[in-house]
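The file data_11.txt contains compact mmCIF, N, CA and C atoms:
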# COMPACT_ATOMS: atom_id res chain seq x y z
N MET G 60 15.39 10.76 7.74
CA MET G 60 14.56 10.98 6.59
C MET G 60 14.26 9.65 5.89
N ARG G 61 15.26 8.80 5.78
CA ARG G 61 15.08 7.50 5.11
C ARG G 61 14.09 6.63 5.87
N THR G 62 14.15 6.65 7.20
CA THR G 62 13.24 5.86 8.02
C THR G 62 11.80 6.32 7.83
N VAL G 63 11.59 7.61 7.77
CA VAL G 63 10.24 8.15 7.55
C VAL G 63 9.69 7.67 6.22
N ALA G 64 10.51 7.68 5.19
CA ALA G 64 10.07 7.23 3.87
C ALA G 64 9.72 5.74 3.88
N LEU G 65 10.52 4.93 4.57
CA LEU G 65 10.24 3.49 4.66
C LEU G 65 8.95 3.22 5.44
N VAL G 66 8.73 3.94 6.51
CA VAL G 66 7.50 3.77 7.29
C VAL G 66 6.29 4.18 6.45
N ALA G 67 6.39 5.27 5.72
CA ALA G 67 5.30 5.71 4.86
C ALA G 67 5.00 4.68 3.78
N LEU G 68 6.03 4.12 3.19
CA LEU G 68 5.85 3.09 2.16
C LEU G 68 5.19 1.85 2.75
N ALA G 69 5.61 1.44 3.93
CA ALA G 69 5.02 0.26 4.59
C ALA G 69 3.55 0.49 4.90
N LEU G 70 3.21 1.67 5.38
CA LEU G 70 1.81 1.97 5.67
C LEU G 70 0.96 1.99 4.40
N LEU G 71 1.51 2.51 3.33
CA LEU G 71 0.80 2.53 2.05
C LEU G 71 0.59 1.12 1.53
N ALA G 72 1.61 0.30 1.60
CA ALA G 72 1.51 -1.08 1.11
C ALA G 72 0.54 -1.90 1.95
N ALA G 73 0.45 -1.62 3.24
CA ALA G 73 -0.44 -2.38 4.12
C ALA G 73 -1.90 -2.16 3.75
N GLY G 74 -2.23 -1.03 3.19
CA GLY G 74 -3.61 -0.73 2.83
C GLY G 74 -3.98 -1.16 1.44
N CYS G 75 -3.05 -1.69 0.67
CA CYS G 75 -3.30 -2.07 -0.71
C CYS G 75 -3.80 -3.51 -0.78
N GLU G 76 -4.61 -3.78 -1.80
CA GLU G 76 -5.14 -5.11 -2.01
C GLU G 76 -4.73 -5.53 -3.42
N ASP G 77 -4.10 -6.71 -3.54
CA ASP G 77 -3.70 -7.17 -4.86
C ASP G 77 -4.90 -7.79 -5.58
N SER G 78 -4.75 -8.06 -6.88
CA SER G 78 -5.88 -8.52 -7.69
C SER G 78 -6.38 -9.89 -7.27
N GLY G 79 -5.49 -10.80 -6.87
CA GLY G 79 -5.92 -12.11 -6.40
C GLY G 79 -6.72 -12.02 -5.12
N GLN G 80 -6.26 -11.18 -4.23
CA GLN G 80 -6.93 -10.95 -2.96
C GLN G 80 -8.33 -10.35 -3.20
N SER G 81 -8.40 -9.40 -4.09
CA SER G 81 -9.68 -8.77 -4.43
C SER G 81 -10.64 -9.78 -5.05
N SER G 82 -10.15 -10.61 -5.96
CA SER G 82 -10.99 -11.62 -6.59
C SER G 82 -11.50 -12.63 -5.57
N ALA G 83 -10.64 -13.04 -4.64
CA ALA G 83 -11.05 -13.97 -3.59
C ALA G 83 -12.12 -13.33 -2.70
N ARG G 84 -11.92 -12.07 -2.36
CA ARG G 84 -12.89 -11.35 -1.53
C ARG G 84 -14.26 -11.31 -2.21
N HIS G 85 -14.28 -11.03 -3.51
CA HIS G 85 -15.54 -10.98 -4.26
C HIS G 85 -16.19 -12.37 -4.34
N ALA G 86 -15.38 -13.41 -4.54
CA ALA G 86 -15.91 -14.78 -4.61
C ALA G 86 -16.54 -15.18 -3.28
N VAL G 87 -15.89 -14.87 -2.18
CA VAL G 87 -16.45 -15.18 -0.86
C VAL G 87 -17.71 -14.36 -0.63
N GLY G 88 -17.70 -13.12 -1.05
CA GLY G 88 -18.89 -12.27 -0.91
C GLY G 88 -20.10 -12.83 -1.65
N ARG G 89 -19.88 -13.42 -2.81
CA ARG G 89 -20.98 -14.01 -3.57
C ARG G 89 -21.56 -15.22 -2.84
N VAL G 90 -20.70 -16.00 -2.19
CA VAL G 90 -21.15 -17.21 -1.49
C VAL G 90 -21.74 -16.86 -0.12
N ALA G 91 -21.06 -16.01 0.63
CA ALA G 91 -21.43 -15.74 2.02
C ALA G 91 -22.55 -14.71 2.15
N ARG G 92 -22.70 -13.86 1.17
CA ARG G 92 -23.67 -12.74 1.24
C ARG G 92 -23.52 -12.01 2.58
N PRO G 93 -22.34 -11.43 2.77
CA PRO G 93 -21.99 -10.87 4.09
C PRO G 93 -22.78 -9.62 4.44
N THR G 94 -22.96 -9.44 5.74
CA THR G 94 -23.51 -8.19 6.24
C THR G 94 -22.40 -7.28 6.73
N GLY G 95 -21.20 -7.84 6.87
CA GLY G 95 -20.04 -7.08 7.33
C GLY G 95 -18.90 -7.15 6.33
N ARG G 96 -17.77 -6.66 6.74
CA ARG G 96 -16.58 -6.57 5.90
C ARG G 96 -15.99 -7.96 5.63
N VAL G 97 -15.47 -8.15 4.43
CA VAL G 97 -14.76 -9.38 4.05
C VAL G 97 -13.29 -9.03 3.86
N ALA G 98 -12.40 -9.81 4.46
CA ALA G 98 -10.96 -9.60 4.31
C ALA G 98 -10.31 -10.93 3.99
N CYS G 99 -9.30 -10.91 3.10
CA CYS G 99 -8.62 -12.14 2.68
C CYS G 99 -7.11 -11.98 2.77
N THR G 100 -6.43 -13.13 2.84
CA THR G 100 -4.97 -13.11 2.84
C THR G 100 -4.48 -12.62 1.48
N SER G 101 -3.23 -12.25 1.44
CA SER G 101 -2.61 -11.68 0.24
C SER G 101 -2.40 -12.72 -0.85
N GLY G 102 -2.34 -12.24 -2.08
CA GLY G 102 -2.08 -13.11 -3.22
C GLY G 102 -0.60 -13.29 -3.50
N THR G 103 0.25 -12.64 -2.72
CA THR G 103 1.69 -12.77 -2.93
C THR G 103 2.25 -13.80 -1.96
N THR G 104 3.27 -14.52 -2.39
CA THR G 104 3.90 -15.53 -1.54
C THR G 104 5.41 -15.30 -1.53
N GLY G 105 6.10 -15.97 -0.64
CA GLY G 105 7.55 -15.84 -0.58
C GLY G 105 7.96 -14.57 0.13
N HIS G 106 9.25 -14.41 0.31
CA HIS G 106 9.78 -13.22 0.95
C HIS G 106 9.60 -12.02 0.04
N PHE G 107 8.90 -11.02 0.54
CA PHE G 107 8.67 -9.77 -0.19
C PHE G 107 7.98 -10.01 -1.53
N GLY G 108 7.13 -11.04 -1.60
CA GLY G 108 6.36 -11.29 -2.82
C GLY G 108 7.14 -11.92 -3.94
N SER G 109 8.27 -12.56 -3.64
CA SER G 109 9.12 -13.11 -4.70
C SER G 109 8.66 -14.49 -5.17
N GLY G 110 7.67 -15.09 -4.51
CA GLY G 110 7.21 -16.42 -4.88
C GLY G 110 6.11 -16.38 -5.91
N PRO G 111 5.54 -17.54 -6.24
CA PRO G 111 4.45 -17.59 -7.22
C PRO G 111 3.17 -16.98 -6.64
N ALA G 112 2.23 -16.65 -7.49
CA ALA G 112 0.96 -16.09 -7.04
C ALA G 112 0.19 -17.15 -6.23
N ALA G 113 -0.46 -16.73 -5.19
CA ALA G 113 -1.22 -17.64 -4.34
C ALA G 113 -2.44 -18.17 -5.09
N THR G 114 -2.81 -19.41 -4.80
CA THR G 114 -4.02 -19.98 -5.36
C THR G 114 -5.03 -20.32 -4.27
N VAL G 115 -4.61 -20.25 -3.01
CA VAL G 115 -5.49 -20.51 -1.87
C VAL G 115 -5.49 -19.26 -0.99
N PHE G 116 -6.69 -18.80 -0.65
CA PHE G 116 -6.85 -17.60 0.16
C PHE G 116 -7.72 -17.95 1.36
N VAL G 117 -7.36 -17.46 2.53
CA VAL G 117 -8.18 -17.58 3.72
C VAL G 117 -8.87 -16.23 3.90
N CYS G 118 -10.18 -16.27 4.05
CA CYS G 118 -10.95 -15.03 4.18
C CYS G 118 -11.82 -15.07 5.43
N VAL G 119 -12.03 -13.92 6.03
CA VAL G 119 -12.95 -13.81 7.17
C VAL G 119 -14.06 -12.83 6.81
N VAL G 120 -15.26 -13.20 7.25
CA VAL G 120 -16.43 -12.34 7.06
C VAL G 120 -16.85 -11.86 8.44
N HIS G 121 -16.75 -10.54 8.66
CA HIS G 121 -17.06 -9.95 9.95
C HIS G 121 -18.57 -9.90 10.14
N ALA G 122 -19.03 -10.37 11.31
CA ALA G 122 -20.46 -10.34 11.62
C ALA G 122 -20.64 -10.31 13.13
N GLY G 123 -21.07 -9.18 13.64
CA GLY G 123 -21.40 -9.08 15.06
C GLY G 123 -20.27 -9.35 16.03
N GLY G 124 -19.08 -8.88 15.75
CA GLY G 124 -17.95 -9.05 16.66
C GLY G 124 -17.23 -10.39 16.52
N ARG G 125 -17.75 -11.29 15.76
CA ARG G 125 -17.10 -12.57 15.46
C ARG G 125 -16.96 -12.68 13.96
N CYS G 126 -16.34 -13.75 13.49
CA CYS G 126 -16.15 -13.92 12.06
C CYS G 126 -16.43 -15.36 11.63
N ASP G 127 -16.84 -15.50 10.40
CA ASP G 127 -16.89 -16.80 9.74
C ASP G 127 -15.66 -16.86 8.84
N ARG G 128 -14.94 -17.98 8.86
CA ARG G 128 -13.72 -18.12 8.07
C ARG G 128 -14.00 -19.02 6.87
N TYR G 129 -13.57 -18.56 5.70
CA TYR G 129 -13.74 -19.29 4.44
C TYR G 129 -12.39 -19.57 3.80
N VAL G 130 -12.35 -20.61 2.98
CA VAL G 130 -11.18 -20.89 2.15
C VAL G 130 -11.63 -20.76 0.70
N ALA G 131 -10.92 -19.94 -0.05
CA ALA G 131 -11.22 -19.74 -1.49
C ALA G 131 -10.03 -20.26 -2.28
N ARG G 132 -10.28 -21.22 -3.18
CA ARG G 132 -9.23 -21.81 -4.02
C ARG G 132 -9.46 -21.39 -5.46
N ARG G 133 -8.39 -20.90 -6.09
CA ARG G 133 -8.49 -20.50 -7.49
C ARG G 133 -7.88 -21.59 -8.36
N ARG G 134 -8.67 -22.05 -9.31
CA ARG G 134 -8.20 -23.01 -10.32
C ARG G 134 -8.59 -22.42 -11.66
N GLY G 135 -7.57 -22.12 -12.45
CA GLY G 135 -7.85 -21.41 -13.70
C GLY G 135 -8.35 -20.02 -13.33
N GLY G 136 -9.44 -19.62 -13.90
CA GLY G 136 -10.00 -18.31 -13.59
C GLY G 136 -11.18 -18.38 -12.63
N ARG G 137 -11.43 -19.54 -12.02
CA ARG G 137 -12.60 -19.70 -11.16
C ARG G 137 -12.21 -20.02 -9.73
N PHE G 138 -13.07 -19.61 -8.81
CA PHE G 138 -12.86 -19.87 -7.39
C PHE G 138 -13.88 -20.88 -6.89
N THR G 139 -13.42 -21.78 -6.02
CA THR G 139 -14.33 -22.60 -5.22
C THR G 139 -14.19 -22.10 -3.79
N VAL G 140 -15.31 -21.93 -3.13
CA VAL G 140 -15.32 -21.35 -1.78
C VAL G 140 -16.02 -22.32 -0.84
N ARG G 141 -15.41 -22.55 0.32
CA ARG G 141 -16.06 -23.38 1.34
C ARG G 141 -15.85 -22.75 2.72
N ILE G 142 -16.81 -23.01 3.59
CA ILE G 142 -16.72 -22.51 4.95
C ILE G 142 -15.70 -23.36 5.72
N GLN G 143 -14.87 -22.72 6.50
CA GLN G 143 -13.90 -23.45 7.31
C GLN G 143 -14.30 -23.45 8.78
N ALA G 144 -14.82 -22.33 9.27
CA ALA G 144 -15.24 -22.23 10.68
C ALA G 144 -16.26 -21.10 10.83
N ARG G 145 -17.20 -21.30 11.71
CA ARG G 145 -18.20 -20.27 12.00
C ARG G 145 -17.94 -19.68 13.38
N ARG G 146 -18.29 -18.40 13.52
CA ARG G 146 -18.20 -17.67 14.80
C ARG G 146 -16.84 -17.88 15.47
N THR G 147 -15.81 -17.55 14.74
CA THR G 147 -14.44 -17.70 15.23
C THR G 147 -13.81 -16.31 15.37
N ASP G 148 -12.55 -16.27 15.73
CA ASP G 148 -11.87 -14.98 15.82
C ASP G 148 -11.68 -14.41 14.42
N CYS G 149 -11.37 -13.15 14.35
CA CYS G 149 -11.28 -12.46 13.05
C CYS G 149 -9.85 -12.28 12.57
N THR G 150 -8.93 -13.10 13.06
CA THR G 150 -7.52 -12.97 12.70
C THR G 150 -7.20 -13.79 11.47
N LEU G 151 -6.58 -13.14 10.50
CA LEU G 151 -6.11 -13.84 9.31
C LEU G 151 -4.69 -14.33 9.53
N PRO G 152 -4.33 -15.47 8.93
CA PRO G 152 -2.92 -15.91 9.02
C PRO G 152 -2.03 -14.94 8.27
N VAL G 153 -0.78 -14.89 8.64
CA VAL G 153 0.20 -14.05 7.96
C VAL G 153 0.39 -14.62 6.56
N SER G 154 0.40 -13.74 5.58
CA SER G 154 0.60 -14.22 4.21
C SER G 154 1.75 -13.52 3.55
Translate this structure into structure tokens?
Amino acid sequence: MRTVALVALALLAAGCEDSGQSSARHAVGRVARPTGRVACTSGTTGHFGSGPAATVFVCVVHAGGRCDRYVARRRGGRFTVRIQARRTDCTLPVS
């Protein structure tokens, strides 16, 4: 029973997006004007989120089976976004 509860919690947490991640996704969306889905690394750092909030996010914009990769940096309440790679794989680094 305990294992089932832990698996359910892990699946629920995997589908959640934190506020930093959401803000980075929106910032990249404004710059990239995507036709596909935008996904970004998590805003939590450290083991089990025990570290400081992330200020750098890696995001991928899905387009036609490939992705463009962006880096979004938060300074204060603003993001700067730059392209890192075009037409690359759609894998995000572990965060």
Residues flagged strand (DSSP E or B) by DSSP in chain G, as a count of residues only: 32
Residues near Arg125 of chain G, anyone? I mean within 7 Å using all atoms listed in the file, not counting same-chain ones fewer than 5 positions away, as a compact mmCIF listing (two decimals) with N, CA and C atoms, in the coordinates of the input.
# COMPACT_ATOMS: atom_id res chain seq x y z
N VAL G 120 -15.26 -13.20 7.25
CA VAL G 120 -16.43 -12.34 7.06
C VAL G 120 -16.85 -11.86 8.44
N ARG G 146 -18.29 -18.40 13.52
CA ARG G 146 -18.20 -17.67 14.80
C ARG G 146 -16.84 -17.88 15.47
N THR G 147 -15.81 -17.55 14.74
CA THR G 147 -14.44 -17.70 15.23
C THR G 147 -13.81 -16.31 15.37
N ASP G 148 -12.55 -16.27 15.73
CA ASP G 148 -11.87 -14.98 15.82
C ASP G 148 -11.68 -14.41 14.42
N CYS G 149 -11.37 -13.15 14.35
CA CYS G 149 -11.28 -12.46 13.05
C CYS G 149 -9.85 -12.28 12.57
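On the backbone of this structure, DSSP gives alpha helix (DSSP H) within chain G to Arg61, Thr62, Val63, Ala64, Leu65, Val66, Ala67, Leu68, Ala69, Leu70, Leu71, Ala72, Ala73, Ser78, Gly79, Gln80, Ser81, Ser82, Ala83, Arg84, His85, Ala86, Val87, Gly88, Arg89, Val90 and Ala91 of chain G.
A straight line drawn from atom CA of Ala112 of chain G to atom CA of Arg92 of chain G is 26.2 Å long.
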Atom-to-atom span, atom C of Val97 of chain G and atom N of Val119 of chain G, Å: 5.5 Å
Test item: residues at most 8 Å from Val117 of chain G, only C-alpha atoms, excluding those fewer than 4 positions along its chain, as a PyMOL selection string: chain G and resi 99-100+128-131+151-152
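The gap separating atom N of Arg141 of chain G from atom C of Gly108 of chain G is 25.3 Å, in Å to one decimal.
Nearest-residue note for Cys118 of chain G: choosing from G:Thr103, G:Arg84, G:Val90, G:Asp77, the minimum distance belongs to G:Arg84, counting all atoms listed in the file.
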